[in-house]
$ cat start18.cif   # mmCIF, C-alpha atoms and all ligand atoms
data_query
loop_
_atom_site.label_atom_id
_atom_site.label_comp_id
_atom_site.auth_asym_id
_atom_site.auth_seq_id
_atom_site.Cartn_x
_atom_site.Cartn_y
_atom_site.Cartn_z
CA MET A 1 42.59 -137.43 -18.97
CA SER A 2 45.06 -139.11 -21.34
CA SER A 3 48.80 -139.06 -20.68
CA LEU A 4 49.14 -136.68 -23.62
CA ASP A 5 46.71 -134.18 -22.04
CA THR A 6 48.57 -134.41 -18.74
CA LEU A 7 51.84 -133.79 -20.55
CA GLN A 8 50.35 -130.82 -22.44
CA HIS A 9 49.34 -129.23 -19.10
CA LEU A 10 52.82 -129.81 -17.71
CA LEU A 11 54.42 -128.29 -20.78
CA ASP A 12 52.13 -125.26 -20.73
CA ALA A 13 53.29 -124.50 -17.20
CA ASN A 14 56.85 -124.31 -18.51
CA ARG A 15 58.48 -121.12 -19.77
CA GLU A 16 60.85 -123.01 -22.05
CA SER A 17 59.60 -124.19 -25.44
CA ALA A 18 58.65 -127.87 -25.56
CA ILE A 19 57.49 -130.10 -28.41
CA VAL A 20 56.28 -133.72 -28.32
CA VAL A 21 56.39 -135.90 -31.45
CA ASP A 22 55.04 -139.38 -32.10
CA SER A 23 56.90 -142.24 -33.78
CA ALA A 24 55.94 -140.84 -37.23
CA ARG A 25 57.73 -137.57 -36.30
CA ARG A 26 54.45 -135.69 -36.18
CA ILE A 27 54.01 -132.99 -33.56
CA VAL A 28 51.31 -134.10 -31.13
CA ALA A 29 51.78 -131.41 -28.49
CA ALA A 30 53.56 -128.07 -28.20
CA ASN A 31 53.34 -125.50 -25.44
CA GLU A 32 52.64 -121.78 -25.77
CA ALA A 33 56.34 -120.90 -25.64
CA ALA A 34 57.05 -123.26 -28.56
CA LEU A 35 54.17 -121.83 -30.60
CA ALA A 36 55.50 -118.31 -30.03
CA VAL A 37 58.87 -119.29 -31.49
CA PHE A 38 58.11 -121.93 -34.12
CA ALA A 39 54.53 -121.37 -35.35
CA ARG A 40 53.83 -118.90 -38.09
CA PRO A 41 50.91 -116.58 -37.34
CA GLY A 42 47.60 -118.33 -37.91
CA ILE A 43 49.12 -121.72 -38.74
CA SER A 44 49.08 -124.47 -36.14
CA ILE A 45 52.11 -126.71 -35.81
CA ARG A 46 50.19 -129.57 -34.17
CA GLY A 47 49.77 -132.51 -36.53
CA ARG A 48 52.58 -131.32 -38.80
CA ARG A 49 55.83 -133.17 -39.31
CA LEU A 50 58.69 -131.89 -37.19
CA SER A 51 60.84 -131.54 -40.34
CA GLU A 52 58.32 -129.09 -41.84
CA VAL A 53 58.45 -126.85 -38.81
CA ILE A 54 62.15 -126.98 -37.89
CA ARG A 55 64.81 -127.87 -40.44
CA ASP A 56 67.82 -128.98 -38.46
CA LEU A 57 69.59 -132.27 -39.10
CA GLN A 58 71.07 -132.66 -35.63
CA LEU A 59 67.70 -132.02 -34.02
CA HIS A 60 66.08 -134.73 -36.15
CA GLU A 61 68.84 -137.18 -35.28
CA ALA A 62 68.26 -136.47 -31.59
CA PHE A 63 64.54 -137.19 -31.97
CA SER A 64 65.37 -140.39 -33.90
CA ARG A 65 67.71 -141.52 -31.11
CA ALA A 66 64.87 -141.06 -28.65
CA LEU A 67 62.22 -142.76 -30.80
CA ASP A 68 64.30 -145.58 -32.33
CA ASP A 69 66.87 -146.30 -29.62
CA GLY A 70 65.14 -145.00 -26.49
CA LEU A 71 68.11 -142.69 -25.78
CA SER A 72 68.14 -139.14 -24.42
CA SER A 73 70.48 -136.59 -25.93
CA GLU A 74 71.39 -132.94 -26.00
CA VAL A 75 71.95 -130.77 -29.10
CA LYS A 76 72.47 -127.13 -29.97
CA MET A 77 70.56 -125.28 -32.67
CA ASP A 78 70.24 -121.79 -34.17
CA PHE A 79 66.75 -120.93 -35.38
CA ILE A 80 65.91 -117.95 -37.55
CA GLY A 81 62.32 -116.92 -37.07
CA SER A 82 61.54 -113.36 -36.06
CA GLY A 83 65.26 -112.92 -35.33
CA ARG A 84 68.07 -115.36 -34.71
CA ARG A 85 67.79 -117.43 -31.53
CA SER A 86 70.13 -120.04 -30.08
CA PHE A 87 68.86 -123.08 -28.20
CA ASP A 88 70.24 -125.88 -26.07
CA ILE A 89 67.79 -128.74 -26.62
CA TYR A 90 67.22 -131.85 -24.49
CA VAL A 91 65.41 -134.66 -26.27
CA SER A 92 64.15 -137.73 -24.37
CA PRO A 93 61.89 -140.68 -25.08
CA VAL A 94 58.58 -140.79 -23.25
CA ASN A 95 55.90 -143.46 -23.14
CA LEU A 96 52.41 -142.01 -23.61
CA ASP A 97 49.39 -144.30 -23.41
CA GLY A 98 51.59 -147.29 -24.29
CA LYS A 99 53.18 -145.65 -27.35
CA ILE A 100 56.72 -144.31 -27.76
CA HIS A 101 57.01 -140.54 -28.17
CA ALA A 102 59.85 -138.06 -27.85
CA VAL A 103 59.82 -134.75 -26.03
CA GLY A 104 62.22 -131.93 -26.82
CA VAL A 105 62.72 -129.05 -24.40
CA PHE A 106 64.32 -125.94 -25.97
CA TYR A 107 66.33 -123.73 -23.61
CA ASP A 108 66.72 -120.29 -25.17
CA VAL A 109 70.37 -119.31 -24.61
CA THR A 110 70.42 -116.33 -27.01
CA GLN A 111 70.73 -113.73 -24.27
CA VAL A 112 73.19 -115.74 -22.18
CA GLU A 113 75.45 -116.24 -25.19
CA ARG A 114 75.23 -112.58 -26.14
CA LEU A 115 76.21 -111.49 -22.63
CA GLU A 116 79.01 -114.03 -22.54
CA LYS A 117 80.36 -112.64 -25.83
CA ILE A 118 80.23 -109.08 -24.50
CA ARG A 119 82.04 -110.17 -21.34
CA GLN A 120 84.77 -111.94 -23.32
CA GLU A 121 85.23 -108.94 -25.61
CA PHE A 122 85.43 -106.65 -22.61
CA LEU A 123 88.08 -108.82 -20.94
CA SER A 124 90.13 -109.09 -24.09
CA ASN A 125 89.87 -105.31 -24.63
CA ILE A 126 91.00 -104.64 -21.07
CA SER A 127 93.98 -106.99 -21.43
CA HIS A 128 94.97 -105.37 -24.70
CA GLU A 129 94.58 -101.82 -23.40
CA LEU A 130 96.68 -102.58 -20.31
CA ARG A 131 99.36 -104.46 -22.18
CA THR A 132 100.24 -101.57 -24.50
CA PRO A 133 101.46 -99.16 -21.78
CA LEU A 134 102.93 -102.02 -19.76
CA THR A 135 105.06 -103.15 -22.71
CA SER A 136 106.35 -99.63 -23.06
CA ILE A 137 107.16 -99.37 -19.34
CA MET A 138 109.07 -102.64 -19.42
CA ALA A 139 111.05 -101.64 -22.50
CA PHE A 140 112.13 -98.32 -21.00
CA VAL A 141 113.04 -99.87 -17.65
CA GLU A 142 115.20 -102.35 -19.51
CA THR A 143 116.85 -99.55 -21.50
CA LEU A 144 117.66 -97.72 -18.27
CA GLU A 145 119.02 -100.91 -16.70
CA ASP A 146 121.18 -101.55 -19.76
CA GLY A 147 123.06 -98.32 -19.16
CA ALA A 148 120.78 -95.47 -20.20
CA ILE A 149 120.46 -94.54 -16.52
CA ASP A 150 123.89 -92.86 -16.81
CA ASP A 151 122.96 -91.16 -20.08
CA LYS A 152 122.47 -87.64 -18.73
CA ASP A 153 120.83 -86.44 -21.95
CA ASN A 154 118.07 -89.04 -22.02
CA ASN A 155 117.53 -90.68 -18.63
CA ARG A 156 114.95 -88.14 -17.44
CA ARG A 157 113.11 -88.33 -20.72
CA PHE A 158 112.87 -92.13 -20.39
CA LEU A 159 111.58 -91.78 -16.86
CA GLY A 160 108.98 -89.35 -18.23
CA VAL A 161 107.78 -91.96 -20.72
CA ILE A 162 107.52 -94.53 -17.93
CA ARG A 163 105.54 -92.12 -15.78
CA ARG A 164 103.12 -91.25 -18.61
CA ASN A 165 102.44 -94.91 -19.35
CA ALA A 166 101.98 -95.72 -15.67
CA GLU A 167 99.49 -92.83 -15.46
CA ARG A 168 97.68 -94.22 -18.47
CA MET A 169 97.34 -97.61 -16.77
CA HIS A 170 96.14 -95.86 -13.65
CA ASP A 171 93.47 -93.93 -15.60
CA LEU A 172 92.34 -97.07 -17.38
CA ILE A 173 91.93 -99.04 -14.17
CA ALA A 174 90.10 -96.14 -12.52
CA ASP A 175 87.66 -95.91 -15.46
CA ILE A 176 87.15 -99.69 -15.59
CA LEU A 177 86.38 -99.79 -11.87
CA GLU A 178 84.06 -96.81 -12.16
CA LEU A 179 82.19 -98.33 -15.09
CA SER A 180 81.78 -101.73 -13.46
CA LEU A 181 80.57 -100.08 -10.26
CA ILE A 182 77.92 -98.14 -12.18
CA GLU A 183 76.93 -101.15 -14.30
CA SER A 184 76.56 -103.42 -11.29
CA GLY A 185 73.90 -101.00 -10.01
CA ASN A 186 75.93 -100.11 -6.92
CA VAL A 187 75.96 -96.39 -7.59
CA SER A 188 73.05 -94.37 -6.30
CA ILE A 189 72.42 -90.78 -7.18
CA GLU A 190 71.13 -88.04 -4.92
CA THR A 191 69.40 -85.42 -7.00
CA LYS A 192 68.74 -81.83 -6.10
CA GLN A 193 68.40 -78.49 -7.85
CA VAL A 194 71.70 -77.56 -9.43
CA ARG A 195 72.64 -74.11 -10.75
CA LEU A 196 74.06 -75.02 -14.11
CA LYS A 197 76.08 -71.89 -14.85
CA ASN A 198 78.08 -72.21 -11.60
CA LEU A 199 78.70 -75.91 -12.09
CA VAL A 200 79.99 -75.35 -15.63
CA ASP A 201 82.25 -72.53 -14.39
CA GLU A 202 83.80 -74.97 -11.91
CA VAL A 203 84.43 -77.57 -14.62
CA PHE A 204 85.92 -74.86 -16.85
CA THR A 205 88.28 -73.79 -14.05
CA ALA A 206 89.44 -77.38 -13.54
CA LEU A 207 90.12 -77.81 -17.26
CA SER A 208 91.42 -74.32 -17.99
CA SER A 209 95.12 -75.23 -18.16
CA LYS A 210 94.37 -78.10 -20.52
CA ALA A 211 92.33 -75.75 -22.73
CA GLY A 212 95.10 -73.15 -22.51
CA GLU A 213 97.70 -75.60 -23.82
CA ARG A 214 95.68 -75.91 -27.02
CA GLU A 215 94.50 -72.29 -27.01
CA ILE A 216 90.87 -73.37 -26.80
CA LYS A 217 88.33 -70.78 -25.69
CA LEU A 218 85.83 -72.03 -23.11
CA VAL A 219 82.47 -70.23 -23.44
CA ASN A 220 79.69 -70.50 -20.85
CA GLU A 221 76.46 -69.26 -22.46
CA ILE A 222 74.19 -70.77 -19.81
CA ASP A 223 71.71 -68.37 -18.24
CA ALA A 224 72.50 -67.54 -14.61
CA SER A 225 69.00 -68.71 -13.59
CA ALA A 226 69.15 -72.09 -15.41
CA LYS A 227 68.70 -75.10 -13.13
CA ALA A 228 68.56 -78.86 -13.50
CA ILE A 229 67.53 -81.69 -11.21
CA ALA A 230 70.64 -83.82 -10.88
CA ASP A 231 73.24 -85.33 -8.61
CA PRO A 232 75.76 -82.46 -8.68
CA VAL A 233 78.82 -84.71 -8.37
CA ARG A 234 77.66 -86.98 -11.17
CA LEU A 235 76.59 -84.11 -13.42
CA GLU A 236 80.01 -82.55 -12.93
CA GLN A 237 81.60 -85.89 -13.85
CA MET A 238 79.51 -86.12 -17.05
CA LEU A 239 80.28 -82.53 -18.09
CA THR A 240 83.98 -82.96 -17.27
CA ASN A 241 84.12 -85.97 -19.60
CA LEU A 242 82.31 -84.20 -22.43
CA ILE A 243 84.23 -80.92 -22.10
CA ASP A 244 87.53 -82.79 -21.79
CA ASN A 245 86.75 -84.57 -25.08
CA ALA A 246 85.64 -81.31 -26.68
CA ILE A 247 89.07 -79.87 -25.82
CA LYS A 248 91.03 -82.99 -26.83
CA PHE A 249 89.35 -83.43 -30.21
CA ASN A 250 89.22 -79.72 -31.04
CA ARG A 251 91.45 -77.83 -33.44
CA LEU A 252 94.14 -75.56 -32.04
CA GLY A 253 92.58 -72.20 -31.18
CA GLY A 254 89.01 -73.60 -31.38
CA SER A 255 86.22 -73.15 -28.85
CA VAL A 256 83.93 -75.15 -26.54
CA THR A 257 80.51 -73.63 -25.86
CA LEU A 258 78.05 -74.68 -23.18
CA THR A 259 74.33 -73.96 -23.55
CA ALA A 260 71.20 -75.09 -21.70
CA VAL A 261 67.53 -75.07 -22.62
CA GLY A 262 64.65 -76.04 -20.37
CA SER A 263 61.11 -77.25 -21.10
CA ASP A 264 58.28 -78.64 -18.96
CA GLU A 265 59.73 -82.12 -19.33
CA LYS A 266 63.48 -81.80 -19.48
CA THR A 267 66.59 -79.71 -19.23
CA SER A 268 69.04 -80.15 -22.13
CA ILE A 269 72.67 -79.22 -21.65
CA SER A 270 74.81 -79.09 -24.80
CA VAL A 271 78.57 -79.11 -25.29
CA THR A 272 79.45 -77.74 -28.74
CA ASP A 273 82.99 -77.88 -30.10
CA THR A 274 84.71 -76.66 -33.25
CA GLY A 275 86.77 -79.82 -33.67
CA GLU A 276 87.33 -82.45 -36.30
CA GLY A 277 83.87 -83.97 -35.85
CA ILE A 278 82.91 -87.63 -35.98
CA LEU A 279 82.16 -89.48 -39.22
CA PRO A 280 78.57 -90.80 -39.54
CA ASP A 281 79.85 -94.42 -39.52
CA HIS A 282 81.38 -93.95 -36.08
CA LEU A 283 78.65 -91.80 -34.57
CA PRO A 284 76.29 -94.54 -33.30
CA ARG A 285 79.19 -96.40 -31.70
CA VAL A 286 81.04 -93.74 -29.72
CA PHE A 287 79.15 -94.62 -26.51
CA GLU A 288 80.38 -98.23 -26.64
CA ARG A 289 83.10 -99.26 -24.22
CA PHE A 290 86.60 -98.86 -25.64
CA TYR A 291 85.28 -97.53 -28.94
CA ARG A 292 87.49 -94.90 -30.52
CA ALA A 293 86.77 -93.27 -33.84
CA ASP A 294 90.49 -92.94 -34.50
CA ARG A 295 92.66 -95.27 -32.46
CA GLY A 296 96.05 -93.77 -33.24
CA ARG A 297 94.97 -90.22 -32.63
CA THR A 298 93.08 -90.94 -29.41
CA ARG A 299 95.98 -92.80 -27.84
CA GLU A 300 98.09 -89.79 -28.61
CA VAL A 301 95.69 -87.50 -26.74
CA GLY A 302 95.45 -90.00 -23.90
CA GLY A 303 91.89 -91.34 -24.01
CA THR A 304 90.71 -94.58 -22.42
CA GLY A 305 87.69 -95.05 -24.69
CA LEU A 306 85.49 -95.44 -21.59
CA GLY A 307 84.53 -91.83 -20.90
CA LEU A 308 81.40 -91.72 -23.05
CA ALA A 309 80.23 -95.14 -21.82
CA ILE A 310 80.40 -93.73 -18.28
CA VAL A 311 78.50 -90.58 -19.35
CA LYS A 312 75.77 -92.69 -20.96
CA HIS A 313 75.29 -94.81 -17.83
CA LEU A 314 75.25 -91.76 -15.55
CA ALA A 315 72.67 -90.00 -17.76
CA ARG A 316 70.46 -93.09 -17.62
CA LEU A 317 70.84 -93.31 -13.84
CA HIS A 318 69.20 -89.86 -13.83
CA GLY A 319 66.37 -91.17 -16.02
CA GLY A 320 67.87 -89.11 -18.83
CA GLU A 321 69.86 -89.71 -21.98
CA VAL A 322 72.91 -88.44 -23.81
CA SER A 323 72.98 -87.95 -27.58
CA VAL A 324 75.37 -86.67 -30.22
CA THR A 325 75.26 -84.91 -33.58
CA SER A 326 78.33 -84.04 -35.60
CA THR A 327 79.46 -82.39 -38.82
CA PRO A 328 82.86 -83.71 -39.88
CA SER A 329 85.57 -81.03 -39.95
CA GLN A 330 83.16 -78.53 -38.34
CA GLY A 331 82.41 -79.85 -34.91
CA THR A 332 80.36 -81.99 -32.57
CA ILE A 333 77.47 -81.39 -30.18
CA PHE A 334 76.89 -83.70 -27.22
CA THR A 335 73.61 -83.13 -25.37
CA ILE A 336 72.59 -84.43 -21.95
CA ASP A 337 68.80 -84.51 -21.40
CA LEU A 338 67.70 -84.62 -17.77
CA PRO A 339 64.06 -85.03 -16.72
CA VAL A 340 62.67 -82.28 -14.49
P1 LIG A 401 88.32 -91.36 -25.02
O1 LIG A 401 88.87 -91.69 -23.69
O2 LIG A 401 89.02 -91.99 -26.15
O3 LIG A 401 88.04 -89.90 -25.18
P2 LIG A 401 85.46 -91.57 -24.98
O4 LIG A 401 84.58 -92.72 -24.62
O5 LIG A 401 85.34 -90.33 -24.18
O6 LIG A 401 86.92 -92.12 -24.96
O7 LIG A 401 85.23 -91.22 -26.51
C1 LIG A 401 85.17 -92.26 -27.47
C2 LIG A 401 85.62 -91.76 -28.84
O8 LIG A 401 84.66 -90.86 -29.38
C3 LIG A 401 86.92 -90.97 -28.82
O9 LIG A 401 88.03 -91.80 -28.87
C4 LIG A 401 86.80 -90.12 -30.07
O10 LIG A 401 87.18 -90.88 -31.20
C5 LIG A 401 85.31 -89.86 -30.16
N1 LIG A 401 84.95 -88.55 -29.60
C6 LIG A 401 84.46 -88.28 -28.35
N2 LIG A 401 84.20 -86.97 -28.19
C7 LIG A 401 84.53 -86.37 -29.35
C8 LIG A 401 84.47 -85.00 -29.82
N3 LIG A 401 84.03 -84.01 -29.05
N4 LIG A 401 84.89 -84.75 -31.10
C9 LIG A 401 85.33 -85.78 -31.89
N5 LIG A 401 85.40 -87.06 -31.52
C10 LIG A 401 85.00 -87.37 -30.26
#

$ encode --input "start18.cif" --output "structure tokens" --more "lines below"
Ligand code: ADP
Amino acid sequence: MSSLDTLQHLLDANRESAIVVDSARRIVAANEAALAVFARPGISIRGRRLSEVIRDLQLHEAFSRALDDGLSSEVKMDFIGSGRRSFDIYVSPVNLDGKIHAVGVFYDVTQVERLEKIRQEFLSNISHELRTPLTSIMAFVETLEDGAIDDKDNNRRFLGVIRRNAERMHDLIADILELSLIESGNVSIETKQVRLKNLVDEVFTALSSKAGEREIKLVNEIDASAKAIADPVRLEQMLTNLIDNAIKFNRLGGSVTLTAVGSDEKTSISVTDTGEGILPDHLPRVFERFYRADRGRTREVGGTGLGLAIVKHLARLHGGEVSVTSTPSQGTIFTIDLPV
């Protein structure tokens, strides 16, 4: 067996893409992983010049360093094939059967970079969301210290603002902790048969004063016999989030209606409101963390932007899904599907 054959076997055992070129920059070996990324269907890349297969100046310079100077090096490259992929590439010289060659190993870092970006965005969102109420708290404390504490007409009002902002920070931190607990896979659910009408009545009772403040009618149209297989605590949490939103984003004097339909495969529970609705542009994004269709308005009504992300994760933990349809200025329907 020649050195090249031995190398080919070694490369084939590797999950990362690897390509070997000779001193004329022709590809003499490539493993399956490399073919999957760089070869077009039905066209072999063996025997072709590296520059025909991958056009990237830095990559070619790295191969030249290996072939001409006998030096190893590391480069980064984005490659657009069937989607955009990012690679960290290590290129080294290798002597095969007495002739100089260069081998490049391509580490696919697309997923790692994507996750890193999500993590950074999450952190910067958290910092921003916490800073806003904190700034307000600090400003009002300072105002009180500067003399407003003796201002009988306003001091209680200022304390009220401080309290509301502290509560907001508290809610945010609670939601962030909850979400990261669920996402880390450390939340388990214990499912059993749940009577839906009763559960919804309990959620309605808990939210009745909030609904009353905005004169929203809460309507439970679920059949007394309707059941779902779910973790009752988690289902209550999901419905509380959805009904709370349906109250918050409703019009004064509107209504929130709960319905349930069952089939052989699933039970679908819907929360229908008569609110402002969600524009089609925003609709696919409302389940993202910290996403708010209308930032100003949602701050005003006290949202964290995490509620729907939590609902989505909890629905999936049940093997189910949550979806939304909306007609702007008429209302929104959120539906939780749970497998039976
Ligand atoms: P928030 O804490 O802001 O309510 P959510 O994750 O629960 O966060 O919701 C994300 C965004 O989706 C909200 O800020 C709002 O813009 C929009 N939204 C959620 N529910 C409704 C609804 N029933 N009607 C209109 N908009 C809604």

$ residues_near_point --input "start18.cif" --point "(90.0, -76.4, -31.0)" --cutoff "6 Å" --atoms "all atoms listed in the file" --output "list in words"
Ile216, Asn250, Arg251, Leu252, Gly253, Gly254, Ser255, Thr274 and Gly275 of chain A

$ closest_atom_pairs --input "start18.cif" --of "chain A" --to "ligand LIG 401 (chain A)" --cutoff "6 Å" --atoms "only C-alpha atoms and all ligand atoms" --output "CSV"
residue,atom,partner,partner_atom,distance
A:Asn245,CA,A:LIG401,N2,4.7
A:Ala246,CA,A:LIG401,N3,3.9
A:Phe249,CA,A:LIG401,N4,4.7
A:Gly275,CA,A:LIG401,N4,5.9
A:Glu276,CA,A:LIG401,C9,5.9
A:Gly277,CA,A:LIG401,C9,4.6
A:Ile278,CA,A:LIG401,C9,5.1
A:Val286,CA,A:LIG401,O8,4.6
A:Tyr291,CA,A:LIG401,C1,5.5
A:Arg292,CA,A:LIG401,O9,3.6
A:Ala293,CA,A:LIG401,O10,3.6
A:Asp294,CA,A:LIG401,O10,5.1
A:Thr298,CA,A:LIG401,O9,5.2
A:Gly303,CA,A:LIG401,O1,3.1
A:Thr304,CA,A:LIG401,O1,3.7
A:Gly305,CA,A:LIG401,O6,3.0
A:Leu306,CA,A:LIG401,O4,4.2
A:Gly307,CA,A:LIG401,O5,3.7
A:Leu308,CA,A:LIG401,O4,3.7
A:Ala309,CA,A:LIG401,O4,5.7
A:Thr332,CA,A:LIG401,N3,5.5

$ closest_residue --input "start18.cif" --among "A:Ala66, A:Ile173, A:Glu265, A:Asp150" --to "Ser127 in chain A" --atoms "only C-alpha atoms"
A:Ile173

$ closest_residue --input "start18.cif" --among "A:Leu196, A:Ala33, A:Leu7, A:Ile27" --to "Ile54 in chain A" --atoms "all atoms listed in the file"
A:Ile27

$ atom_distance --input "start18.cif" --atom1 "CA of Met169 in chain A" --atom2 "CA of Leu130 in chain A"
6.1 Å

$ residues_around --input "start18.cif" --residues "Leu4 in chain A" --least-positions-apart "6" --cutoff "9 Å" --atoms "all atoms listed in the file" --output "ChimeraX atom specification"
/A:28-29,96-97

$ atom_distance --input "start18.cif" --atom1 "CA of Ser51 in chain A" --atom2 "CA of Ala13 in chain A"
25.3 Å

$ closest_residue --input "start18.cif" --among "A:Thr257, A:Ser86, A:Ser184, A:Thr132" --to "Gln111 in chain A" --atoms "only C-alpha atoms"
A:Ser86

$ residues_near_point --input "start18.cif" --point "(70.9, -77.6, -26.9)" --cutoff "12 Å" --atoms "all atoms listed in the file" --output "ChimeraX atom specification"
/A:221-222,257-263,266-272,322-325,332-338

$ atom_distance --input "start18.cif" --atom1 "CA of Asn241 in chain A" --atom2 "CA of Ala315 in chain A"
12.3 Å
